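S.K.: coords-v6.cif is reproduced below (mmCIF, C-alpha atoms).
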data_input
#
loop_
_atom_site.group_PDB
_atom_site.id
_atom_site.type_symbol
_atom_site.label_atom_id
_atom_site.label_comp_id
_atom_site.auth_asym_id
_atom_site.auth_seq_id
_atom_site.Cartn_x
_atom_site.Cartn_y
_atom_site.Cartn_z
ATOM 1 C CA MET C 1 85.036 97.879 93.428
ATOM 2 C CA GLN C 2 81.545 98.186 92.049
ATOM 3 C CA ALA C 3 79.462 101.295 92.452
ATOM 4 C CA ASN C 4 77.109 100.057 95.172
ATOM 5 C CA GLN C 5 73.649 101.592 95.193
ATOM 6 C CA TYR C 6 74.343 103.507 98.415
ATOM 7 C CA LEU C 7 77.243 105.248 96.688
ATOM 8 C CA ILE C 8 75.329 105.963 93.484
ATOM 9 C CA ASP C 9 72.378 107.407 95.392
ATOM 10 C CA PHE C 10 74.646 109.565 97.533
ATOM 11 C CA TYR C 11 76.676 111.077 94.689
ATOM 12 C CA ASP C 12 73.633 111.488 92.450
ATOM 13 C CA HIS C 13 72.385 114.069 94.949
ATOM 14 C CA TYR C 14 75.468 115.336 96.788
ATOM 15 C CA ASN C 15 77.072 118.620 95.697
ATOM 16 C CA GLU C 16 80.783 117.858 96.018
ATOM 17 C CA ASP C 17 81.786 121.022 94.149
ATOM 18 C CA GLY C 18 79.745 123.059 96.584
ATOM 19 C CA ARG C 19 81.385 121.362 99.577
ATOM 20 C CA LEU C 20 84.832 122.425 98.405
ATOM 21 C CA ALA C 21 83.726 125.911 97.360
ATOM 22 C CA VAL C 22 82.280 127.251 100.635
ATOM 23 C CA GLN C 23 84.882 128.959 102.810
ATOM 24 C CA HIS C 24 85.294 126.185 105.401
ATOM 25 C CA GLY C 25 85.288 123.514 102.678
ATOM 26 C CA SER C 26 87.837 125.402 100.613
ATOM 27 C CA VAL C 27 90.461 124.792 103.304
ATOM 28 C CA GLU C 28 90.777 121.165 102.195
ATOM 29 C CA PHE C 29 90.875 122.127 98.504
ATOM 30 C CA LEU C 30 93.415 124.919 98.996
ATOM 31 C CA THR C 31 95.597 122.725 101.192
ATOM 32 C CA THR C 32 95.577 119.853 98.710
ATOM 33 C CA MET C 33 96.329 122.166 95.784
ATOM 34 C CA ARG C 34 99.143 123.796 97.755
ATOM 35 C CA TYR C 35 100.848 120.419 98.152
ATOM 36 C CA ILE C 36 100.180 119.338 94.561
ATOM 37 C CA GLU C 37 101.810 122.560 93.381
ATOM 38 C CA LYS C 38 104.975 121.669 95.309
ATOM 39 C CA TYR C 39 105.564 118.732 92.976
ATOM 40 C CA LEU C 40 104.225 119.932 89.631
ATOM 41 C CA ARG C 41 106.815 120.642 86.964
ATOM 42 C CA PRO C 42 106.421 122.018 83.433
ATOM 43 C CA GLY C 43 104.940 119.243 81.328
ATOM 44 C CA SER C 44 103.787 117.135 84.281
ATOM 45 C CA ARG C 45 101.178 114.511 83.458
ATOM 46 C CA VAL C 46 98.465 113.988 86.059
ATOM 47 C CA LEU C 47 96.042 111.128 86.655
ATOM 48 C CA GLU C 48 93.125 111.627 89.018
ATOM 49 C CA ILE C 49 91.479 108.423 90.228
ATOM 50 C CA GLY C 50 87.981 108.913 91.572
ATOM 51 C CA ALA C 51 87.771 112.383 90.101
ATOM 52 C CA GLY C 52 84.140 113.095 90.936
ATOM 53 C CA THR C 53 82.951 116.107 88.968
ATOM 54 C CA GLY C 54 86.538 117.178 88.321
ATOM 55 C CA ARG C 55 87.221 119.933 90.861
ATOM 56 C CA TYR C 56 90.927 119.116 90.983
ATOM 57 C CA SER C 57 91.280 117.835 87.414
ATOM 58 C CA HIS C 58 89.796 120.985 85.917
ATOM 59 C CA ALA C 59 91.801 123.270 88.211
ATOM 60 C CA LEU C 60 95.010 121.607 87.025
ATOM 61 C CA ALA C 61 93.979 121.455 83.358
ATOM 62 C CA ARG C 62 93.175 125.167 83.448
ATOM 63 C CA ARG C 63 96.750 125.767 84.591
ATOM 64 C CA GLY C 64 98.019 124.036 81.472
ATOM 65 C CA TYR C 65 98.675 120.505 82.699
ATOM 66 C CA ALA C 66 97.588 117.386 80.829
ATOM 67 C CA VAL C 67 95.135 115.499 83.038
ATOM 68 C CA ASP C 68 93.527 112.096 82.652
ATOM 69 C CA ALA C 69 90.741 111.161 85.040
ATOM 70 C CA VAL C 70 88.755 108.075 85.953
ATOM 71 C CA GLU C 71 85.490 108.040 87.895
ATOM 72 C CA LEU C 72 83.252 105.225 89.141
ATOM 73 C CA VAL C 73 79.813 106.897 89.217
ATOM 74 C CA PRO C 74 78.206 107.601 85.804
ATOM 75 C CA ARG C 75 76.426 110.764 86.962
ATOM 76 C CA GLN C 76 79.739 112.215 88.144
ATOM 77 C CA VAL C 77 81.349 111.488 84.771
ATOM 78 C CA GLU C 78 78.502 113.352 83.093
ATOM 79 C CA LEU C 79 79.008 116.377 85.358
ATOM 80 C CA PHE C 80 82.772 116.233 84.845
ATOM 81 C CA ARG C 81 82.259 116.526 81.099
ATOM 82 C CA GLN C 82 79.770 119.364 81.537
ATOM 83 C CA ASN C 83 82.345 121.227 83.629
ATOM 84 C CA THR C 84 85.067 120.943 80.976
ATOM 85 C CA ARG C 85 85.960 124.235 79.328
ATOM 86 C CA PRO C 86 87.278 124.692 75.789
ATOM 87 C CA GLY C 87 91.046 124.389 75.656
ATOM 88 C CA GLU C 88 91.455 122.070 78.639
ATOM 89 C CA THR C 89 93.747 119.105 78.030
ATOM 90 C CA VAL C 90 91.657 116.731 80.101
ATOM 91 C CA SER C 91 89.932 113.404 79.607
ATOM 92 C CA VAL C 92 87.626 111.360 81.816
ATOM 93 C CA THR C 93 86.593 107.731 81.585
ATOM 94 C CA LEU C 94 84.195 105.576 83.579
ATOM 95 C CA GLY C 95 86.354 103.198 85.567
ATOM 96 C CA ASN C 96 87.423 101.604 88.781
ATOM 97 C CA ALA C 97 90.226 102.421 91.221
ATOM 98 C CA LEU C 98 90.807 98.695 91.717
ATOM 99 C CA ASP C 99 91.505 98.069 88.030
ATOM 100 C CA LEU C 100 93.450 100.679 86.093
ATOM 101 C CA SER C 101 94.493 98.226 83.365
ATOM 102 C CA ALA C 102 93.425 100.796 80.751
ATOM 103 C CA PHE C 103 96.299 102.994 81.961
ATOM 104 C CA PRO C 104 99.975 102.162 81.341
ATOM 105 C CA SER C 105 102.548 101.623 84.064
ATOM 106 C CA ASP C 106 105.071 104.359 84.924
ATOM 107 C CA ALA C 107 103.136 107.013 82.972
ATOM 108 C CA TYR C 108 102.195 109.846 85.357
ATOM 109 C CA ASP C 109 104.226 112.382 87.295
ATOM 110 C CA ILE C 110 101.390 113.055 89.766
ATOM 111 C CA THR C 111 98.671 110.570 90.704
ATOM 112 C CA LEU C 112 95.704 111.698 92.793
ATOM 113 C CA LEU C 113 93.714 109.164 94.813
ATOM 114 C CA LEU C 114 91.520 111.689 96.597
ATOM 115 C CA GLY C 115 88.246 109.809 96.939
ATOM 116 C CA PRO C 116 88.313 106.025 96.427
ATOM 117 C CA LEU C 117 89.827 105.211 99.819
ATOM 118 C CA TYR C 118 86.794 106.870 101.419
ATOM 119 C CA HIS C 119 84.679 103.989 100.083
ATOM 120 C CA LEU C 120 86.834 100.862 100.421
ATOM 121 C CA TYR C 121 86.123 98.820 103.516
ATOM 122 C CA ASN C 122 88.823 96.148 103.748
ATOM 123 C CA VAL C 123 92.607 96.117 103.646
ATOM 124 C CA PRO C 124 93.000 94.025 100.448
ATOM 125 C CA ASP C 125 90.835 96.433 98.440
ATOM 126 C CA LYS C 126 92.587 99.479 99.855
ATOM 127 C CA ARG C 127 95.995 98.022 99.046
ATOM 128 C CA ARG C 128 94.844 97.059 95.574
ATOM 129 C CA ALA C 129 93.779 100.649 94.884
ATOM 130 C CA LEU C 130 97.058 101.971 96.261
ATOM 131 C CA ARG C 131 99.053 99.408 94.273
ATOM 132 C CA GLU C 132 97.320 100.450 91.061
ATOM 133 C CA ALA C 133 97.932 104.145 91.793
ATOM 134 C CA ILE C 134 101.596 103.431 92.434
ATOM 135 C CA ARG C 135 101.904 101.253 89.314
ATOM 136 C CA VAL C 136 100.736 103.986 86.925
ATOM 137 C CA THR C 137 103.029 106.572 88.540
ATOM 138 C CA LYS C 138 106.502 107.161 87.129
ATOM 139 C CA PRO C 139 109.521 106.225 89.266
ATOM 140 C CA GLY C 140 110.173 109.369 91.259
ATOM 141 C CA GLY C 141 106.576 110.496 90.779
ATOM 142 C CA VAL C 142 104.298 111.479 93.637
ATOM 143 C CA VAL C 143 101.022 109.935 94.808
ATOM 144 C CA PHE C 144 98.427 111.804 96.890
ATOM 145 C CA ALA C 145 96.066 109.557 98.886
ATOM 146 C CA ALA C 146 93.185 111.047 100.896
ATOM 147 C CA TYR C 147 91.358 109.525 103.871
ATOM 148 C CA VAL C 148 88.411 110.404 106.105
ATOM 149 C CA ILE C 149 89.643 110.570 109.706
ATOM 150 C CA SER C 150 87.427 109.085 112.394
ATOM 151 C CA ASP C 151 88.248 111.334 115.349
ATOM 152 C CA GLY C 152 87.710 114.600 113.513
ATOM 153 C CA CYS C 153 84.354 113.352 112.219
ATOM 154 C CA LEU C 154 83.307 111.987 115.618
ATOM 155 C CA LEU C 155 84.166 115.234 117.375
ATOM 156 C CA ASP C 156 82.342 117.328 114.769
ATOM 157 C CA GLU C 157 79.319 115.267 113.723
ATOM 158 C CA GLY C 158 78.958 113.415 117.027
ATOM 159 C CA PHE C 159 79.891 115.310 120.141
ATOM 160 C CA HIS C 160 79.684 118.806 118.637
ATOM 161 C CA ARG C 161 76.633 118.783 116.321
ATOM 162 C CA GLY C 162 74.766 115.718 117.477
ATOM 163 C CA ASN C 163 74.204 114.522 113.914
ATOM 164 C CA VAL C 164 75.642 111.191 115.019
ATOM 165 C CA ASN C 165 74.303 109.476 118.137
ATOM 166 C CA VAL C 166 77.602 108.374 119.677
ATOM 167 C CA ALA C 167 76.004 106.109 122.304
ATOM 168 C CA GLN C 168 73.930 104.378 119.630
ATOM 169 C CA TYR C 169 76.987 103.914 117.407
ATOM 170 C CA VAL C 170 78.796 102.264 120.323
ATOM 171 C CA ALA C 171 75.802 100.026 121.032
ATOM 172 C CA GLU C 172 75.587 98.997 117.371
ATOM 173 C CA GLY C 173 79.314 98.259 117.152
ATOM 174 C CA LEU C 174 80.077 101.079 114.712
ATOM 175 C CA LEU C 175 82.383 102.554 117.357
ATOM 176 C CA ASP C 176 84.539 100.516 119.716
ATOM 177 C CA GLY C 177 83.316 101.319 123.219
ATOM 178 C CA ARG C 178 86.858 101.375 124.636
ATOM 179 C CA THR C 179 89.018 102.955 121.919
ATOM 180 C CA PHE C 180 86.279 104.720 119.885
ATOM 181 C CA ALA C 181 87.836 103.373 116.685
ATOM 182 C CA ALA C 182 85.284 103.288 113.880
ATOM 183 C CA ARG C 183 84.006 100.268 111.990
ATOM 184 C CA SER C 184 82.343 101.009 108.653
ATOM 185 C CA GLN C 185 80.324 99.089 106.079
ATOM 186 C CA PRO C 186 79.334 100.052 102.511
ATOM 187 C CA LYS C 187 75.903 101.223 103.715
ATOM 188 C CA ASP C 188 77.724 103.712 105.989
ATOM 189 C CA LEU C 189 79.237 105.261 102.802
ATOM 190 C CA PHE C 190 82.494 106.441 104.382
ATOM 191 C CA GLU C 191 85.354 104.389 105.783
ATOM 192 C CA LEU C 192 86.698 106.229 108.838
ATOM 193 C CA VAL C 193 90.318 105.574 109.812
ATOM 194 C CA ARG C 194 93.142 106.737 112.050
ATOM 195 C CA LYS C 195 96.756 107.420 111.137
ATOM 196 C CA GLU C 196 98.001 104.187 112.675
ATOM 197 C CA GLU C 197 95.720 102.281 110.303
ATOM 198 C CA ILE C 198 97.105 104.256 107.353
ATOM 199 C CA ASP C 199 100.663 103.485 108.477
ATOM 200 C CA ALA C 200 99.867 99.765 108.675
ATOM 201 C CA LEU C 201 98.151 99.905 105.273
ATOM 202 C CA MET C 202 101.213 101.498 103.656
ATOM 203 C CA ALA C 203 103.806 99.250 105.320
ATOM 204 C CA PRO C 204 104.239 96.770 102.401
ATOM 205 C CA PHE C 205 104.827 99.433 99.751
ATOM 206 C CA PRO C 206 108.369 100.509 98.804
ATOM 207 C CA VAL C 207 107.596 104.219 98.784
ATOM 208 C CA THR C 208 108.868 107.242 100.688
ATOM 209 C CA ARG C 209 106.409 109.380 102.620
ATOM 210 C CA LEU C 210 106.945 113.069 101.883
ATOM 211 C CA HIS C 211 104.129 114.579 103.951
ATOM 212 C CA TYR C 212 101.234 113.522 106.140
ATOM 213 C CA VAL C 213 98.771 116.401 106.319
ATOM 214 C CA ALA C 214 95.656 117.260 108.323
ATOM 215 C CA ALA C 215 94.017 118.532 105.167
ATOM 216 C CA ASP C 216 91.217 120.596 106.709
ATOM 217 C CA GLY C 217 92.261 120.659 110.371
ATOM 218 C CA CYS C 218 89.514 122.157 112.531
ATOM 219 C CA ALA C 219 87.760 123.879 109.621
ATOM 220 C CA LEU C 220 84.687 121.620 109.669
ATOM 221 C CA PHE C 221 84.468 121.565 113.449
ATOM 222 C CA MET C 222 84.432 125.382 113.527
ATOM 223 C CA ARG C 223 82.762 125.893 110.150
ATOM 224 C CA GLU C 224 80.436 128.680 111.321
ATOM 225 C CA ALA C 225 83.365 130.714 112.612
ATOM 226 C CA VAL C 226 85.418 130.076 109.459
ATOM 227 C CA ASP C 227 82.525 131.005 107.165
ATOM 228 C CA ALA C 228 81.993 134.259 109.122
ATOM 229 C CA MET C 229 85.599 135.399 108.634
ATOM 230 C CA ASP C 230 86.250 138.322 106.338
ATOM 231 C CA ALA C 231 88.957 138.003 103.698
ATOM 232 C CA ALA C 232 91.777 139.211 105.957
ATOM 233 C CA ALA C 233 90.801 136.938 108.848
ATOM 234 C CA PHE C 234 90.432 133.932 106.544
ATOM 235 C CA ALA C 235 93.839 134.599 104.987
ATOM 236 C CA LEU C 236 95.354 134.663 108.474
ATOM 237 C CA TYR C 237 93.515 131.455 109.394
ATOM 238 C CA LEU C 238 94.898 129.758 106.274
ATOM 239 C CA GLN C 239 98.373 130.949 107.183
ATOM 240 C CA TYR C 240 97.956 129.342 110.611
ATOM 241 C CA HIS C 241 96.547 126.144 109.108
ATOM 242 C CA PHE C 242 99.368 125.792 106.575
ATOM 243 C CA ALA C 243 101.923 126.333 109.363
ATOM 244 C CA THR C 244 100.432 123.624 111.592
ATOM 245 C CA CYS C 245 98.785 121.007 109.346
ATOM 246 C CA GLU C 246 101.803 118.665 109.476
ATOM 247 C CA ARG C 247 102.182 118.816 113.257
ATOM 248 C CA SER C 248 101.847 115.310 114.661
ATOM 249 C CA ASP C 249 99.898 116.512 117.706
ATOM 250 C CA LEU C 250 97.130 117.765 115.385
ATOM 251 C CA TRP C 251 96.941 114.850 112.922
ATOM 252 C CA GLY C 252 93.808 113.362 114.484
ATOM 253 C CA VAL C 253 91.940 116.649 114.780
ATOM 254 C CA THR C 254 90.878 116.805 111.153
ATOM 255 C CA SER C 255 88.089 115.394 109.035
ATOM 256 C CA HIS C 256 90.346 114.605 106.056
ATOM 257 C CA ALA C 257 93.997 113.630 105.856
ATOM 258 C CA LEU C 258 96.377 113.571 102.923
ATOM 259 C CA ASP C 259 99.198 111.024 102.674
ATOM 260 C CA ILE C 260 101.781 112.116 100.101
ATOM 261 C CA PHE C 261 104.520 109.732 99.026
ATOM 262 C CA ARG C 262 107.112 109.250 96.295
ATOM 263 C CA LYS C 263 107.400 106.095 94.211
#
Give the structure from this file in structure tokens form.

M.R.:
Amino acid sequence: MQANQYLIDFYDHYNEDGRLAVQHGSVEFLTTMRYIEKYLRPGSRVLEIGAGTGRYSHALARRGYAVDAVELVPRQVELFRQNTRPGETVSVTLGNALDLSAFPSDAYDITLLLGPLYHLYNVPDKRRALREAIRVTKPGGVVFAAYVISDGCLLDEGFHRGNVNVAQYVAEGLLDGRTFAARSQPKDLFELVRKEEIDALMAPFPVTRLHYVAADGCALFMREAVDAMDAAAFALYLQYHFATCERSDLWGVTSHALDIFRK
């Protein structure tokens, strides 16, 4: 995987930290951290692949865990280093999710693959990234793989907000006119998938799924309402979200999904 110019241009200007910090965006971050915390143990070693500016890596390092990170886009590596506080046991290197040969096999208790699968557009590349993430994880360790889900994005950005012209996307072949499954290319930046595609992708790997999570549920679709909630209402909304985010009838109604499995 090379950093194509579309990707570089996007992440040179996109505020990923800001996306996860606003109230509706924090739902994804808080949900992901909640599940990571289920599997952390004293002394756990963590590798984050595609770490961006380090939102998760720094959060974990500041809780006392040793974190290594790898990131594809040079500007993001620079920001990651700027965000590092004194005392954090964290490192970041410029690298590629498809080639983690700089990292030993069976080394990490927790491996985070929270961004690269957004930007891989064919099954061999996706499986290569997953295979590398699994390889560096200890037997019994846990891998977290994140995806962008097509239906949640289509409902929000297409039918709800009109930022995507659904009819045009169908005409151009970016959406199947019968099933509304998405077809993405590198210039589209994000690979949009459904759970059945994730299941097929994971089929060859000898791992055990622990959780499949609608990471942000309806939070983006109803972002104005979520952002307007006071602290008590937002706490109640999070309680509802945490109680329902693994329900199979809600898996497609999310913008991001988290597949969590044990090696």

S.K.: Could you check which of C:Ala102, C:Leu113, C:Val143, C:Val92 is closest to C:Ile49, using all atoms listed in the file?

M.R.: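 For C:Ile49, the nearest of the given residues is C:Leu113.
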
S.K.: Applied to this file, what does the PyMOL selection byres ((chain C and resi 62-68) around 10) return in terms of residues, put as a PDB file with C-alpha atoms, keeping the file's coordinate frame?

M.R.:
ATOM      1  CA  LEU C  40     104.225 119.932  89.631  1.00  0.00           C
ATOM      2  CA  ARG C  41     106.815 120.642  86.964  1.00  0.00           C
ATOM      3  CA  PRO C  42     106.421 122.018  83.433  1.00  0.00           C
ATOM      4  CA  GLY C  43     104.940 119.243  81.328  1.00  0.00           C
ATOM      5  CA  SER C  44     103.787 117.135  84.281  1.00  0.00           C
ATOM      6  CA  ARG C  45     101.178 114.511  83.458  1.00  0.00           C
ATOM      7  CA  VAL C  46      98.465 113.988  86.059  1.00  0.00           C
ATOM      8  CA  LEU C  47      96.042 111.128  86.655  1.00  0.00           C
ATOM      9  CA  GLU C  48      93.125 111.627  89.018  1.00  0.00           C
ATOM     10  CA  ILE C  49      91.479 108.423  90.228  1.00  0.00           C
ATOM     11  CA  ALA C  51      87.771 112.383  90.101  1.00  0.00           C
ATOM     12  CA  TYR C  56      90.927 119.116  90.983  1.00  0.00           C
ATOM     13  CA  SER C  57      91.280 117.835  87.414  1.00  0.00           C
ATOM     14  CA  HIS C  58      89.796 120.985  85.917  1.00  0.00           C
ATOM     15  CA  ALA C  59      91.801 123.270  88.211  1.00  0.00           C
ATOM     16  CA  LEU C  60      95.010 121.607  87.025  1.00  0.00           C
ATOM     17  CA  ALA C  61      93.979 121.455  83.358  1.00  0.00           C
ATOM     18  CA  ALA C  69      90.741 111.161  85.040  1.00  0.00           C
ATOM     19  CA  VAL C  70      88.755 108.075  85.953  1.00  0.00           C
ATOM     20  CA  THR C  84      85.067 120.943  80.976  1.00  0.00           C
ATOM     21  CA  ARG C  85      85.960 124.235  79.328  1.00  0.00           C
ATOM     22  CA  PRO C  86      87.278 124.692  75.789  1.00  0.00           C
ATOM     23  CA  GLY C  87      91.046 124.389  75.656  1.00  0.00           C
ATOM     24  CA  GLU C  88      91.455 122.070  78.639  1.00  0.00           C
ATOM     25  CA  THR C  89      93.747 119.105  78.030  1.00  0.00           C
ATOM     26  CA  VAL C  90      91.657 116.731  80.101  1.00  0.00           C
ATOM     27  CA  SER C  91      89.932 113.404  79.607  1.00  0.00           C
ATOM     28  CA  VAL C  92      87.626 111.360  81.816  1.00  0.00           C
ATOM     29  CA  THR C  93      86.593 107.731  81.585  1.00  0.00           C
ATOM     30  CA  PHE C 103      96.299 102.994  81.961  1.00  0.00           C
ATOM     31  CA  TYR C 108     102.195 109.846  85.357  1.00  0.00           C
ATOM     32  CA  ILE C 110     101.390 113.055  89.766  1.00  0.00           C
ATOM     33  CA  THR C 111      98.671 110.570  90.704  1.00  0.00           C
TER      34      THR C 111
END

S.K.: Which residue out of C:Val193, C:Val164, C:Ala214, C:Val207 has the minimum interatomic distance to C:Thr254 when all atoms listed in the file are used?

M.R.: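 Nearest candidate to C:Thr254 out of C:Val193, C:Val164, C:Ala214, C:Val207: C:Ala214.
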
S.K.: Which residues are near stretch 172-179 of chain C? Cut-off 10 Å, all atoms listed in the file, ignore same chain within fewer than 6 positions. Put them as an MDAnalysis selection string.

M.R.: chainID C and resid 150 154 166 185 188

S.K.: Can I get the selection written as a PDB file, in the coordinates of the input, with C-alpha atoms?

M.R.:
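Written output follows (result26.pdb):
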ATOM      1  CA  SER C 150      87.427 109.085 112.394  1.00  0.00           C
ATOM      2  CA  LEU C 154      83.307 111.987 115.618  1.00  0.00           C
ATOM      3  CA  VAL C 166      77.602 108.374 119.677  1.00  0.00           C
ATOM      4  CA  GLN C 185      80.324  99.089 106.079  1.00  0.00           C
ATOM      5  CA  ASP C 188      77.724 103.712 105.989  1.00  0.00           C
TER       6      ASP C 188
END

S.K.: Expand the PyMOL selection byres ((chain C and resi 151) around 10) into the individual residues it matches in the shown file, reporting them as number ranges by chain.

M.R.: C: 148-150, 152-158, 180-182, 192-194, 251-255

S.K.: Please identify all polymer residues within 10 Å of C:Arg262, counting all atoms listed in the file, omitting same-chain residues fewer than 6 positions from it, and present them as a list in words.

M.R.: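 So, after excluding close chain neighbours, the residues are Asp109, Ile110, Ile134, Thr137, Lys138, Pro139, Gly140, Gly141, Val142, Val143, Phe144, Pro206, Val207, Thr208, Arg209, Leu210 and His211 of chain C.
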
S.K.: I need the residue set behind the PyMOL selection byres ((chain C and resi 72) around 6) for this file; please write it as an mmCIF file with C-alpha atoms, in the frame of the given file.

M.R.:
data_model
loop_
_atom_site.group_PDB
_atom_site.id
_atom_site.type_symbol
_atom_site.label_atom_id
_atom_site.label_comp_id
_atom_site.auth_asym_id
_atom_site.auth_seq_id
_atom_site.Cartn_x
_atom_site.Cartn_y
_atom_site.Cartn_z
ATOM 1 C CA GLU C 71 85.490 108.040 87.895
ATOM 2 C CA VAL C 73 79.813 106.897 89.217
ATOM 3 C CA LEU C 94 84.195 105.576 83.579
ATOM 4 C CA GLY C 95 86.354 103.198 85.567
ATOM 5 C CA ASN C 96 87.423 101.604 88.781
#

S.K.: Between atom CA of C:Phe159 and atom CA of C:Leu220, what is the distance, to one decimal in Å?

M.R.: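 Separating atom CA of C:Phe159 from atom CA of C:Leu220 is a distance of 13.1 Å.
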
S.K.: Have a look at atom CA of C:Met222 and atom CA of C:Lys195 and let me know their distance in Å, one decimal.

M.R.: 21.9 Å

S.K.: Of the candidates C:Phe221, C:Met229, C:Leu258, C:Leu30, which one gets nearest to C:Gly115 if we count only C-alpha atoms?

M.R.: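 Of C:Phe221, C:Met229, C:Leu258, C:Leu30, the one nearest C:Gly115 is C:Leu258, counting only C-alpha atoms.
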
S.K.: In Å, with one decimal, what is the gap from atom CA of C:Tyr35 to atom CA of C:Ile260?

M.R.: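 Straight-line distance from atom CA of C:Tyr35 to atom CA of C:Ile260 works out to 8.6 Å.
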
S.K.: Ranking C:Arg131, C:His24, C:Arg34, C:Arg247 by minimum distance to C:Leu201 and counting only C-alpha atoms, which one comes first?

M.R.: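 Going through C:Arg131, C:His24, C:Arg34, C:Arg247 one by one, the smallest distance to C:Leu201 is for C:Arg131.
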
S.K.: Using all atoms listed in the file, which of C:Ala21, C:Val27, C:Asn83, C:Ala107 sits nearest C:Tyr237?

M.R.: C:Val27
